[in-house]
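Each remark here refers to the structure printed beneath this line.
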Amino acid sequence: MTTVGVVLFPGSNCEHDVVEAVSALGADARILWHGDNRLGDVDAVIVPGGFAHGDYLRPGAIARFSPIMTALSEFAAMGGPVVGICNGFQVLTEAGLLPGALQKNRGLRFLCTTVEVCVETTESPLTSLASPGAVLRLPINHFEGNYTCDAATLDQLRADDRVVLRYLANPNGSADDIAAVCSAGRNVVGLMPHPERASDPLCGSEDGRVLLQSLLETARRSAAVTAGR
Amino acid sequence: MRYPVLVEVRLRPDVADPQGATIERALPALGFTGIDGVRVGKAIRLTVEAVDEASARSEVEELCRRFLANPVIEDVEIKVG
């Protein structure tokens with residue numbers, strides 16, 4: 001069975017939603033405490049949303065120094081699939097695993113709504129099973145989701161087809177309508193919307209399922225590669 | 001020697017500052033005219049044990065680079081003493 005590690009920092013608050021959503025898709029999900037320095041035997045890692053370390057200084061700024069982040073960086077360097085959702089995206093940018101930064105929303109509003117995003121590439125662990133150009137309805141819930149990077153980085157992201165999801169109607173001022181990006185190696189993805197909150201009819205949308213299913217499928221395939229570690 | 005240090009963390013000039021813009025837009029309603037260029041940052045005070053001012057400064061520069069500021073969006077100004 002595919003095993004997904006879900007990182008828990010003090011202040012994370014979406015870890016159980018993520019565990020529930022990936023378990024419903026048939027994976028074995030386990031919580032990974034931020035103070036541990038090993039991931040254990042996992043095939044993929046999700047850094048969930050919330051307010052890790054209270055978002056003090058900047059979202060993700062303190063979380064990136066948690067002991068588990070060293071193990072997570074090594075897992076990512078070996079090609080292991082890693083997804084950061086919302087605050088998890090902020091943690092991964094602060095840790096240098098993804099380019100850019102997430103600034104306060106344009107308009108200074110905390111946004112809690114459902115948005116539409118377009119699948120821009122299927123060459124990522126989050127979208128491998130999605131249809132190119134598919135429009136997904138997903139919830140967002142953030143104050144700092146305004147994706148920012150310098151012009152050279154943005155050019156690089158476009159040239160390398162690393163913009164994974166784009167907003168149809170930009171809610172927060174993100175550069176180039178970016179809702180999700182992936183790393184140069186493509187195995188690390190960060191996104192502001194919450195796929196785990198759109199994984200059941202009761203949630204009002206099931207559009208997040210294809211993203212989590214993609215991650216599980218990627219994890220299953222890469223498990224054979226990482227099994228020898 | 002112990003050196004008091006003031007670190008000013010501010011958004012880089014090319015990064016939009018919605019807080020600064022919001023404050024600036026509120027000023028005319030309060031009767032303040034002729035004020036512009038409002039930018040909001042953070043001030044961090046700390047004390048550094050170092051052999052001299054130069055080494056205190058270089059220690060804080062390293063701290064800023066690795067932790068106190070995000071170089072993607074922020075600059076710092078360090079005042080020692």
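All residue names refer to the structure tokens as shown: chains lettered A, B, ... in order, residues numbered from 1 in each chain, ligands numbered from 1 in order.
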
Please report as a ChimeraX atom specification which residues of chain B come no farther than 10 Å from chain A, using only C-alpha atoms. /B:11,14-19,21-22,42,44,66-73

Find the spatial neighbours of range 77-81 of chain B, counting only C-alpha atoms, within a cut-off of 12 Å - ignore same-chain residues fewer than 6 positions away - and output them as an MDAnalysis selection string. chainID B and resid 1:12 41:50 52:65 68:69

Write out the residues from the selection above, keeping C-alpha atoms, as a PDB file, in the first residue's frame.
ATOM      1  CA  MET B   1      31.482  43.803  23.902  1.00  0.00           C
ATOM      2  CA  ARG B   2      27.714  43.714  23.622  1.00  0.00           C
ATOM      3  CA  TYR B   3      26.320  45.658  20.711  1.00  0.00           C
ATOM      4  CA  PRO B   4      22.688  46.730  20.476  1.00  0.00           C
ATOM      5  CA  VAL B   5      21.434  46.233  16.931  1.00  0.00           C
ATOM      6  CA  LEU B   6      18.378  47.470  15.083  1.00  0.00           C
ATOM      7  CA  VAL B   7      17.393  45.491  11.992  1.00  0.00           C
ATOM      8  CA  GLU B   8      14.890  47.069   9.640  1.00  0.00           C
ATOM      9  CA  VAL B   9      13.267  44.505   7.351  1.00  0.00           C
ATOM     10  CA  ARG B  10      11.469  46.067   4.431  1.00  0.00           C
ATOM     11  CA  LEU B  11       9.896  44.947   1.200  1.00  0.00           C
ATOM     12  CA  ARG B  12      12.139  45.360  -1.807  1.00  0.00           C
ATOM     13  CA  GLY B  41       8.248  46.912   7.282  1.00  0.00           C
ATOM     14  CA  LYS B  42       9.410  45.351  10.525  1.00  0.00           C
ATOM     15  CA  ALA B  43      11.869  46.526  13.159  1.00  0.00           C
ATOM     16  CA  ILE B  44      13.771  43.846  15.089  1.00  0.00           C
ATOM     17  CA  ARG B  45      15.984  44.795  18.058  1.00  0.00           C
ATOM     18  CA  LEU B  46      18.622  42.456  19.394  1.00  0.00           C
ATOM     19  CA  THR B  47      21.933  42.446  21.246  1.00  0.00           C
ATOM     20  CA  VAL B  48      25.052  40.751  19.913  1.00  0.00           C
ATOM     21  CA  GLU B  49      28.158  39.674  21.831  1.00  0.00           C
ATOM     22  CA  ALA B  50      31.125  40.303  19.513  1.00  0.00           C
ATOM     23  CA  ASP B  52      34.113  44.535  17.589  1.00  0.00           C
ATOM     24  CA  GLU B  53      31.424  46.371  15.694  1.00  0.00           C
ATOM     25  CA  ALA B  54      32.443  44.911  12.329  1.00  0.00           C
ATOM     26  CA  SER B  55      32.092  41.336  13.512  1.00  0.00           C
ATOM     27  CA  ALA B  56      28.769  42.172  15.217  1.00  0.00           C
ATOM     28  CA  ARG B  57      27.543  43.516  11.903  1.00  0.00           C
ATOM     29  CA  SER B  58      28.704  40.533   9.887  1.00  0.00           C
ATOM     30  CA  GLU B  59      27.043  38.149  12.362  1.00  0.00           C
ATOM     31  CA  VAL B  60      23.729  39.992  12.008  1.00  0.00           C
ATOM     32  CA  GLU B  61      24.099  40.126   8.214  1.00  0.00           C
ATOM     33  CA  GLU B  62      24.383  36.328   8.201  1.00  0.00           C
ATOM     34  CA  LEU B  63      21.373  36.062  10.538  1.00  0.00           C
ATOM     35  CA  CYS B  64      19.333  38.255   8.209  1.00  0.00           C
ATOM     36  CA  ARG B  65      20.405  36.337   5.137  1.00  0.00           C
ATOM     37  CA  LEU B  68      15.214  37.342   9.528  1.00  0.00           C
ATOM     38  CA  ALA B  69      14.518  38.348   5.930  1.00  0.00           C
TER      39      ALA B  69
END

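For the pair CA of Val163 in chain A and CA of Gly11 in chain A, the separation is 28.3 Å.
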
Find the spatial neighbours of Ser205 in chain A, counting only C-alpha atoms, within a cut-off of 9 Å - ignore same-chain residues fewer than 5 positions away - and output them as an NGL selection string. :A and (136-139 or 197-200)

Atomic distance CA of Asn172 in chain A - CA of Thr113 in chain A, expressed in Å with one decimal: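 A separation of 11.5 Å between them.
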
Would you list, as an MDAnalysis selection string, the residues of range 32-81 of chain A that end up in strand (DSSP E or B) under DSSP run on this structure's backbone? chainID A and resid 32:33 44:47 50

N, CA and C atoms of the current selection, written as a CSV table (one decimal), in the first residue's frame:
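Output file again-v8.csv is given in full below:
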chain,number,residue,atom,x,y,z
A,32,LEU,N,3.6,12.8,10.6
A,32,LEU,CA,5.1,12.9,10.9
A,32,LEU,C,5.3,14.1,11.8
A,33,TRP,N,5.8,13.9,13.0
A,33,TRP,CA,6.0,15.0,13.9
A,33,TRP,C,7.3,15.9,13.5
A,44,ALA,N,5.5,9.3,-0.2
A,44,ALA,CA,5.2,10.7,-0.6
A,44,ALA,C,5.0,11.5,0.7
A,45,VAL,N,5.2,12.8,0.6
A,45,VAL,CA,5.1,13.6,1.8
A,45,VAL,C,4.2,14.8,1.5
A,46,ILE,N,3.2,15.1,2.3
A,46,ILE,CA,2.4,16.3,2.2
A,46,ILE,C,2.7,17.2,3.4
A,47,VAL,N,3.0,18.4,3.1
A,47,VAL,CA,3.1,19.4,4.1
A,47,VAL,C,1.7,20.2,4.1
A,50,GLY,N,-2.2,25.4,7.6
A,50,GLY,CA,-2.3,25.8,9.0
A,50,GLY,C,-1.5,27.1,9.2

Excluding same-chain residues fewer than 2 positions from Arg162 in chain A, what lies within 7 Å of it counting only C-alpha atoms, as a list in words?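 Within the cut-off, the hits are Leu157, Arg158, Asp160, Val164, Val181 and Cys182 of chain A.
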
Range 29-75 of chain B: residues DSSP assigns to alpha helix (DSSP H), reported as a VMD selection string: chain B and resid 53 to 63

Which residue, A:Gly145, A:Gly49, A:Ala152, A:Glu196, has the smallest gap to Ser174 in chain A when you use only C-alpha atoms?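 Residue with the minimum atom-to-atom distance to Ser174 in chain A: A:Gly145.
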
Nearby residues (only C-alpha atoms) at most 6 Å from Arg166 in chain A, same-chain spacing under 2 positions excluded, as an MDAnalysis selection string: chainID A and resid 117:118 177:179
